[in-house]
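K.L.:
Pasting run.pdb below, which is PDB, C-alpha atoms (C1' of nucleotides).
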ATOM      1  CA  MET Q   1       0.000   0.000   0.000
ATOM      2  CA  ASN Q   2       1.480   3.255  -1.135
ATOM      3  CA  SER Q   3       0.373   5.758   1.468
ATOM      4  CA  ASN Q   4       0.436   8.462  -1.195
ATOM      5  CA  MET Q   5      -2.450   6.660  -2.855
ATOM      6  CA  ARG Q   6      -4.403   6.276   0.324
ATOM      7  CA  ARG Q   7      -7.558   8.252   0.620
ATOM      8  CA  TYR Q   8      -9.760   9.167   3.499
ATOM      9  CA  TRP Q   9     -13.500   9.168   3.960
ATOM     10  CA  LEU Q  10     -16.134  10.214   6.399
ATOM     11  CA  MET Q  11     -19.012   7.809   6.749
ATOM     12  CA  LYS Q  12     -22.224   8.743   8.502
ATOM     13  CA  SER Q  13     -24.358   6.383  10.469
ATOM     14  CA  GLU Q  14     -27.272   6.878  12.780
ATOM     15  CA  PRO Q  15     -26.107   5.174  15.961
ATOM     16  CA  ASP Q  16     -29.645   3.978  16.666
ATOM     17  CA  CYS Q  17     -29.308   2.028  13.441
ATOM     18  CA  PHE Q  18     -25.627   1.116  13.412
ATOM     19  CA  SER Q  19     -23.117   2.590  15.827
ATOM     20  CA  PHE Q  20     -19.348   2.569  16.110
ATOM     21  CA  GLU Q  21     -19.811   0.271  19.077
ATOM     22  CA  ASP Q  22     -21.809  -2.082  16.854
ATOM     23  CA  LEU Q  23     -18.825  -2.183  14.511
ATOM     24  CA  ARG Q  24     -16.526  -3.003  17.415
ATOM     25  CA  GLN Q  25     -18.723  -5.940  18.337
ATOM     26  CA  ALA Q  26     -19.110  -7.266  14.800
ATOM     27  CA  PRO Q  27     -17.366 -10.482  13.729
ATOM     28  CA  GLN Q  28     -13.742  -9.591  12.919
ATOM     29  CA  GLN Q  29     -14.897  -6.101  13.905
ATOM     30  CA  THR Q  30     -15.825  -5.778  10.264
ATOM     31  CA  GLU Q  31     -19.119  -5.015   8.594
ATOM     32  CA  PRO Q  32     -20.339  -4.316   5.064
ATOM     33  CA  TRP Q  33     -21.325  -0.684   4.645
ATOM     34  CA  ASP Q  34     -24.630  -1.549   3.045
ATOM     35  CA  GLY Q  35     -27.849   0.274   2.398
ATOM     36  CA  VAL Q  36     -26.417   3.329   0.649
ATOM     37  CA  ARG Q  37     -29.034   4.408  -1.880
ATOM     38  CA  ASN Q  38     -27.609   7.597  -3.264
ATOM     39  CA  TYR Q  39     -25.889   7.624  -6.645
ATOM     40  CA  GLN Q  40     -23.107   9.993  -5.711
ATOM     41  CA  ALA Q  41     -22.205   7.928  -2.662
ATOM     42  CA  ARG Q  42     -22.643   4.750  -4.709
ATOM     43  CA  ASN Q  43     -20.088   5.960  -7.217
ATOM     44  CA  LEU Q  44     -17.574   6.512  -4.424
ATOM     45  CA  LEU Q  45     -18.230   3.060  -2.979
ATOM     46  CA  ARG Q  46     -17.976   1.400  -6.387
ATOM     47  CA  ASP Q  47     -15.153   3.333  -8.008
ATOM     48  CA  GLU Q  48     -13.071   5.320  -5.572
ATOM     49  CA  ILE Q  49     -12.803   3.710  -2.171
ATOM     50  CA  GLN Q  50      -9.841   1.323  -1.853
ATOM     51  CA  VAL Q  51      -8.577  -1.214   0.637
ATOM     52  CA  GLY Q  52      -6.479   0.547   3.257
ATOM     53  CA  ASP Q  53      -8.319   3.847   3.052
ATOM     54  CA  GLY Q  54      -9.056   5.571   6.335
ATOM     55  CA  VAL Q  55     -12.578   6.142   7.599
ATOM     56  CA  LEU Q  56     -13.852   8.707  10.082
ATOM     57  CA  PHE Q  57     -16.957   7.206  11.679
ATOM     58  CA  TYR Q  58     -19.584   9.886  12.187
ATOM     59  CA  HIS Q  59     -22.732   9.561  14.266
ATOM     60  CA  SER Q  60     -25.594  11.502  12.706
ATOM     61  CA  ASN Q  61     -29.145  12.411  13.588
ATOM     62  CA  ILE Q  62     -28.611  12.556  17.342
ATOM     63  CA  LYS Q  63     -28.354  15.366  19.878
ATOM     64  CA  GLN Q  64     -24.605  15.624  19.574
ATOM     65  CA  PRO Q  65     -23.596  14.516  16.082
ATOM     66  CA  ALA Q  66     -19.864  13.794  16.089
ATOM     67  CA  ILE Q  67     -16.901  11.930  14.694
ATOM     68  CA  VAL Q  68     -16.471   9.165  17.236
ATOM     69  CA  GLY Q  69     -13.918   6.740  15.859
ATOM     70  CA  LEU Q  70     -11.509   5.504  13.248
ATOM     71  CA  ALA Q  71     -11.996   2.632  10.855
ATOM     72  CA  ARG Q  72     -10.509   1.397   7.638
ATOM     73  CA  VAL Q  73     -11.624  -0.139   4.396
ATOM     74  CA  VAL Q  74     -10.827  -3.853   4.113
ATOM     75  CA  LYS Q  75     -12.800  -4.795   1.002
ATOM     76  CA  PRO Q  76     -13.389  -2.642  -2.067
ATOM     77  CA  GLY Q  77     -16.725  -2.032  -3.751
ATOM     78  CA  TYR Q  78     -18.929  -5.033  -4.448
ATOM     79  CA  PRO Q  79     -22.650  -5.435  -5.087
ATOM     80  CA  ASP Q  80     -24.931  -4.611  -2.172
ATOM     81  CA  HIS Q  81     -27.011  -7.772  -2.076
ATOM     82  CA  THR Q  82     -29.463  -6.231   0.389
ATOM     83  CA  ALA Q  83     -30.956  -4.401  -2.592
ATOM     84  CA  LEU Q  84     -32.020  -7.826  -3.948
ATOM     85  CA  ASP Q  85     -33.763  -8.939  -0.779
ATOM     86  CA  PRO Q  86     -37.475  -8.020  -0.737
ATOM     87  CA  ARG Q  87     -37.470  -8.248   3.051
ATOM     88  CA  ALA Q  88     -34.484  -5.908   3.489
ATOM     89  CA  ASP Q  89     -34.996  -2.327   4.532
ATOM     90  CA  HIS Q  90     -33.286  -1.002   1.460
ATOM     91  CA  PHE Q  91     -34.739  -3.391  -1.105
ATOM     92  CA  ASP Q  92     -34.703  -1.987  -4.616
ATOM     93  CA  PRO Q  93     -36.888  -3.851  -7.122
ATOM     94  CA  ARG Q  94     -34.816  -2.482  -9.994
ATOM     95  CA  ALA Q  95     -31.654  -4.194  -8.796
ATOM     96  CA  SER Q  96     -30.641  -7.611 -10.122
ATOM     97  CA  GLU Q  97     -27.639  -9.946 -10.148
ATOM     98  CA  GLU Q  98     -26.745  -8.654 -13.602
ATOM     99  CA  ASN Q  99     -27.295  -5.042 -12.653
ATOM    100  CA  PRO Q 100     -26.841  -4.692  -8.906
ATOM    101  CA  ILE Q 101     -27.098  -0.886  -9.074
ATOM    102  CA  TRP Q 102     -25.953  -0.464  -5.465
ATOM    103  CA  PHE Q 103     -22.526  -1.170  -3.991
ATOM    104  CA  MET Q 104     -20.878  -1.426  -0.632
ATOM    105  CA  VAL Q 105     -17.436  -1.814   0.926
ATOM    106  CA  ASP Q 106     -16.329  -3.612   4.070
ATOM    107  CA  VAL Q 107     -15.212  -1.445   6.957
ATOM    108  CA  GLN Q 108     -13.193  -2.567   9.957
ATOM    109  CA  TYR Q 109     -13.068  -1.011  13.402
ATOM    110  CA  LEU Q 110      -9.738   0.500  14.423
ATOM    111  CA  TRP Q 111     -10.235   2.516  17.586
ATOM    112  CA  PRO Q 112     -12.353   5.228  19.119
ATOM    113  CA  LEU Q 113     -11.351   8.852  19.449
ATOM    114  CA  PRO Q 114     -10.508   9.851  23.032
ATOM    115  CA  PHE Q 115     -13.383  12.317  22.828
ATOM    116  CA  ALA Q 116     -16.243  12.767  20.389
ATOM    117  CA  MET Q 117     -15.501  15.539  17.928
ATOM    118  CA  THR Q 118     -18.794  17.365  17.758
ATOM    119  CA  ARG Q 119     -19.817  19.781  15.054
ATOM    120  CA  SER Q 120     -19.182  22.759  17.293
ATOM    121  CA  PHE Q 121     -15.718  21.418  18.079
ATOM    122  CA  LEU Q 122     -14.932  20.837  14.407
ATOM    123  CA  SER Q 123     -16.274  24.273  13.515
ATOM    124  CA  GLU Q 124     -13.817  25.944  15.834
ATOM    125  CA  HIS Q 125     -10.763  24.379  14.212
ATOM    126  CA  PRO Q 126      -9.195  26.217  11.268
ATOM    127  CA  VAL Q 127      -8.637  23.001   9.306
ATOM    128  CA  LEU Q 128     -11.581  20.884  10.397
ATOM    129  CA  LYS Q 129     -14.141  23.637   9.912
ATOM    130  CA  GLU Q 130     -13.744  23.066   6.172
ATOM    131  CA  MET Q 131     -15.007  19.501   6.341
ATOM    132  CA  GLY Q 132     -17.876  18.728   4.004
ATOM    133  CA  VAL Q 133     -19.975  17.272   6.774
ATOM    134  CA  LEU Q 134     -20.317  20.738   8.310
ATOM    135  CA  LYS Q 135     -21.591  22.323   5.122
ATOM    136  CA  LYS Q 136     -25.234  23.223   5.134
ATOM    137  CA  GLY Q 137     -27.425  20.824   3.247
ATOM    138  CA  ASN Q 138     -24.714  18.208   2.858
ATOM    139  CA  ARG Q 139     -26.480  14.861   2.929
ATOM    140  CA  LEU Q 140     -23.828  12.620   1.431
ATOM    141  CA  SER Q 141     -23.466   9.619   3.727
ATOM    142  CA  VAL Q 142     -20.047   8.812   2.300
ATOM    143  CA  GLN Q 143     -17.825  11.741   1.539
ATOM    144  CA  PRO Q 144     -14.152  12.467   0.995
ATOM    145  CA  VAL Q 145     -11.865  13.842   3.678
ATOM    146  CA  THR Q 146      -8.513  15.397   2.829
ATOM    147  CA  ALA Q 147      -5.226  13.953   4.077
ATOM    148  CA  GLU Q 148      -4.764  17.163   6.034
ATOM    149  CA  GLN Q 149      -8.132  16.782   7.709
ATOM    150  CA  TRP Q 150      -7.399  13.149   8.541
ATOM    151  CA  GLN Q 151      -4.033  14.034  10.035
ATOM    152  CA  THR Q 152      -5.536  16.948  11.929
ATOM    153  CA  VAL Q 153      -8.130  14.701  13.548
ATOM    154  CA  LEU Q 154      -5.296  12.408  14.670
ATOM    155  CA  ASP Q 155      -3.194  15.314  15.926
ATOM    156  CA  VAL Q 156      -6.049  16.843  17.873
ATOM    157  CA  ALA Q 157      -6.904  13.436  19.305
ATOM    158  CA  GLY Q 158      -3.269  12.779  20.198
ATOM    159  CA  LEU Q 159      -3.229   9.557  18.210
ATOM    160  CA  GLU Q 160      -0.696   7.952  15.916
ATOM    161  CA  ASP Q 161      -1.979   7.164  12.451
ATOM    162  CA  PRO Q 162      -3.481   3.674  12.827
ATOM    163  CA  LEU Q 163      -3.050   3.065   9.116
ATOM    164  CA  GLU Q 164       0.715   3.212   9.635
ATOM    165  CA  ASP Q 165       0.589   0.395  12.189
ATOM    166  CA  GLN Q 166       2.845  -2.351  10.820
ATOM    167  CA  SER Q 167       0.631  -5.089  12.243
ATOM    168  CA  LEU Q 168      -2.128  -3.944   9.937
ATOM    169  CA  LYS Q 169      -0.065  -4.154   6.782
ATOM    170  CA  ASN Q 170      -1.020  -6.657   4.111
ATOM    171  CA  THR Q 171      -4.139  -7.785   5.843
ATOM    172  CA  GLN Q 172      -7.645  -7.929   4.548
ATOM    173  CA  GLY Q 173     -10.576  -8.109   6.872
ATOM    174  CA  GLY Q 174      -8.297  -8.843   9.769
ATOM    175  CA  VAL Q 175      -8.347 -12.495   8.773
ATOM    176  CA  HIS Q 176      -5.217 -14.488   8.004
ATOM    177  CA  GLY Q 177      -5.233 -17.839   6.226
TER     178      GLY Q 177
ATOM    179  C1'  DG S 178     -40.942  18.162  16.367
ATOM    180  C1'  DC S 179     -39.644  21.607  12.912
ATOM    181  C1'  DC S 180     -38.067  22.616   8.667
ATOM    182  C1'  DA S 181     -34.413  23.663   5.101
ATOM    183  C1'  DA S 182     -31.924  21.372   1.704
ATOM    184  C1'  DC S 183     -31.543  17.914  -1.334
ATOM    185  C1'  DG S 184     -32.567  13.920  -4.529
ATOM    186  C1'  DT S 185     -36.035  11.449  -7.008
ATOM    187  C1'  DT S 186     -40.297  10.798  -9.406
ATOM    188  C1'  DG S 187     -43.474  11.445 -12.861
ATOM    189  C1'  DG S 188     -46.846  14.255 -15.550
ATOM    190  C1'  DC S 189     -46.691  17.076 -19.309
TER     191       DC S 189
ATOM    192  C1'  DG Z 190     -36.372  18.288 -20.792
ATOM    193  C1'  DC Z 191     -38.880  21.008 -17.404
ATOM    194  C1'  DC Z 192     -40.440  21.404 -12.975
ATOM    195  C1'  DA Z 193     -43.817  20.706  -9.187
ATOM    196  C1'  DA Z 194     -44.657  17.397  -5.806
ATOM    197  C1'  DC Z 195     -42.983  14.341  -2.795
ATOM    198  C1'  DG Z 196     -39.928  11.698   0.401
ATOM    199  C1'  DT Z 197     -35.707  11.732   2.990
ATOM    200  C1'  DT Z 198     -31.893  13.559   5.571
ATOM    201  C1'  DG Z 199     -30.263  15.483   9.465
ATOM    202  C1'  DG Z 200     -29.130  19.696  12.250
ATOM    203  C1'  DC Z 201     -31.293  22.257  15.487
TER     204       DC Z 201
END
Translate this file's structure into structure tokens.

P.N.:
Amino acid sequence: MNSNMRRYWLMKSEPDCFSFEDLRQAPQQTEPWDGVRNYQARNLLRDEIQVGDGVLFYHSNIKQPAIVGLARVVKPGYPDHTALDPRADHFDPRASEENPIWFMVDVQYLWPLPFAMTRSFLSEHPVLKEMGVLKKGNRLSVQPVTAEQWQTVLDVAGLEDPLEDQSLKNTQGGVHG
DNA sequence: GCCAACGTTGGC
DNA sequence: GCCAACGTTGGC
């Protein structure tokens, strides 16, 4: 993994639906990021997001929306089969095996931030105030974050970059063999 | 709970 | 292709 190629993303989730803690408790601490039904976000999931990319896990639609933890991508875009399941919440009758329409990636838990970075906190930082998630009307559930913003979150949190951890190199899904 | 912003749908 | 109506998102 060439770190110059690495990209960074912010992914929103309503914690009542799926929280960072839920990701921590998932098998292999990994979960498919399914259910995205927005074409712009779909295009990112399908075409742009790569294994090894960093993820800021954002809790939305609660009293104190905030970035709460770090995760990483462990499987690149593949068809979101929940669109094919009539009983699934995000069933889409237009989707098929031949034309899945919707895509997802697998995301793995890394570790929580030492404190939740709320919108007011982010807004007060000269670098982080530029994040897309703070922009009015921004509804993209998957959106790019700059390398500077990623590094700034780590600096402010007092964390080393987890993506530079040697024990994470050359692994996929945290599963060996 | 309110409502602004946004994306999608569908009539024309 | 336009655009009004509608449903959803998500901060507040």

K.L.:
Please report as a tab-separated table every residue of chain Q lying within 12 Å of chain S, along with the nearest atom pair and their distance in Å (one decimal), using only C-alpha atoms (C1' of nucleotides).

P.N.:
residue	atom	partner	partner_atom	distance
Q:Arg37	CA	S:DG184	C1'	10.5
Q:Asn38	CA	S:DG184	C1'	8.1
Q:Tyr39	CA	S:DG184	C1'	9.4
Q:Gln40	CA	S:DG184	C1'	10.3
Q:Lys135	CA	S:DA182	C1'	10.9
Q:Lys136	CA	S:DA182	C1'	7.7
Q:Gly137	CA	S:DA182	C1'	4.8
Q:Asn138	CA	S:DA182	C1'	8.0
Q:Arg139	CA	S:DC183	C1'	7.3
Q:Leu140	CA	S:DC183	C1'	9.8

K.L.:
Within 9 Å of Gln108 of chain Q, counting all atoms listed in the file, which residues qualify if same-chain residues fewer than 5 places away don't, as a count of residues only?

P.N.:
15

K.L.:
Atom CA of Ser123 of chain Q and atom CA of Ala66 of chain Q are how many Å apart?

P.N.:
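Between atom CA of Ser123 of chain Q and atom CA of Ala66 of chain Q the gap works out to 11.4 Å.
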
K.L.:
Got a sec to check which residues sit within 9 Å of (-8.0, 20.3, 14.8), counting only C-alpha atoms (C1' of nucleotides), and write them as a count of residues only?

P.N.:
16

K.L.:
So the first atom is atom CA of Val145 of chain Q and the second is atom CA of Glu14 of chain Q; what is the distance between them in Å, to one decimal place?

P.N.:
19.2 Å

K.L.:
To one decimal place, how far is atom CA of His90 of chain Q from atom CA of Asp34 of chain Q in Å?

P.N.:
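It comes out at 8.8 Å.
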
K.L.:
Mind checking which residues fall within 9 Å of Ile101 of chain Q, counting all atoms listed in the file, ignoring those fewer than 4 positions away in the same chain, and posting them as an mmCIF file with C-alpha atoms, in the frame of the given file?

P.N.:
data_model
loop_
_atom_site.group_PDB
_atom_site.id
_atom_site.type_symbol
_atom_site.label_atom_id
_atom_site.label_comp_id
_atom_site.auth_asym_id
_atom_site.auth_seq_id
_atom_site.Cartn_x
_atom_site.Cartn_y
_atom_site.Cartn_z
ATOM 1 C CA TYR Q 39 -25.889 7.624 -6.645
ATOM 2 C CA ARG Q 42 -22.643 4.750 -4.709
ATOM 3 C CA PRO Q 79 -22.650 -5.435 -5.087
ATOM 4 C CA ASP Q 80 -24.931 -4.611 -2.172
ATOM 5 C CA ALA Q 83 -30.956 -4.401 -2.592
ATOM 6 C CA ASP Q 92 -34.703 -1.987 -4.616
ATOM 7 C CA ARG Q 94 -34.816 -2.482 -9.994
ATOM 8 C CA ALA Q 95 -31.654 -4.194 -8.796
ATOM 9 C CA SER Q 96 -30.641 -7.611 -10.122
#

K.L.:
Check what the PyMOL selection byres ((chain Q and resi 43-48) around 10) selects in the file above and give those residues as a PDB file with C-alpha atoms, keeping the file's coordinate frame.

P.N.:
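To be explicit, this is the file written out as result_28.pdb:
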ATOM      1  CA  ARG Q   7      -7.558   8.252   0.620  1.00  0.00           C
ATOM      2  CA  TRP Q   9     -13.500   9.168   3.960  1.00  0.00           C
ATOM      3  CA  TRP Q  33     -21.325  -0.684   4.645  1.00  0.00           C
ATOM      4  CA  ASP Q  34     -24.630  -1.549   3.045  1.00  0.00           C
ATOM      5  CA  VAL Q  36     -26.417   3.329   0.649  1.00  0.00           C
ATOM      6  CA  ASN Q  38     -27.609   7.597  -3.264  1.00  0.00           C
ATOM      7  CA  TYR Q  39     -25.889   7.624  -6.645  1.00  0.00           C
ATOM      8  CA  GLN Q  40     -23.107   9.993  -5.711  1.00  0.00           C
ATOM      9  CA  ALA Q  41     -22.205   7.928  -2.662  1.00  0.00           C
ATOM     10  CA  ARG Q  42     -22.643   4.750  -4.709  1.00  0.00           C
ATOM     11  CA  ILE Q  49     -12.803   3.710  -2.171  1.00  0.00           C
ATOM     12  CA  GLN Q  50      -9.841   1.323  -1.853  1.00  0.00           C
ATOM     13  CA  ASP Q  53      -8.319   3.847   3.052  1.00  0.00           C
ATOM     14  CA  PRO Q  76     -13.389  -2.642  -2.067  1.00  0.00           C
ATOM     15  CA  GLY Q  77     -16.725  -2.032  -3.751  1.00  0.00           C
ATOM     16  CA  TYR Q  78     -18.929  -5.033  -4.448  1.00  0.00           C
ATOM     17  CA  PRO Q  79     -22.650  -5.435  -5.087  1.00  0.00           C
ATOM     18  CA  ILE Q 101     -27.098  -0.886  -9.074  1.00  0.00           C
ATOM     19  CA  TRP Q 102     -25.953  -0.464  -5.465  1.00  0.00           C
ATOM     20  CA  PHE Q 103     -22.526  -1.170  -3.991  1.00  0.00           C
ATOM     21  CA  MET Q 104     -20.878  -1.426  -0.632  1.00  0.00           C
ATOM     22  CA  VAL Q 105     -17.436  -1.814   0.926  1.00  0.00           C
ATOM     23  CA  ASP Q 106     -16.329  -3.612   4.070  1.00  0.00           C
ATOM     24  CA  VAL Q 142     -20.047   8.812   2.300  1.00  0.00           C
ATOM     25  CA  GLN Q 143     -17.825  11.741   1.539  1.00  0.00           C
ATOM     26  CA  PRO Q 144     -14.152  12.467   0.995  1.00  0.00           C
TER      27      PRO Q 144
END
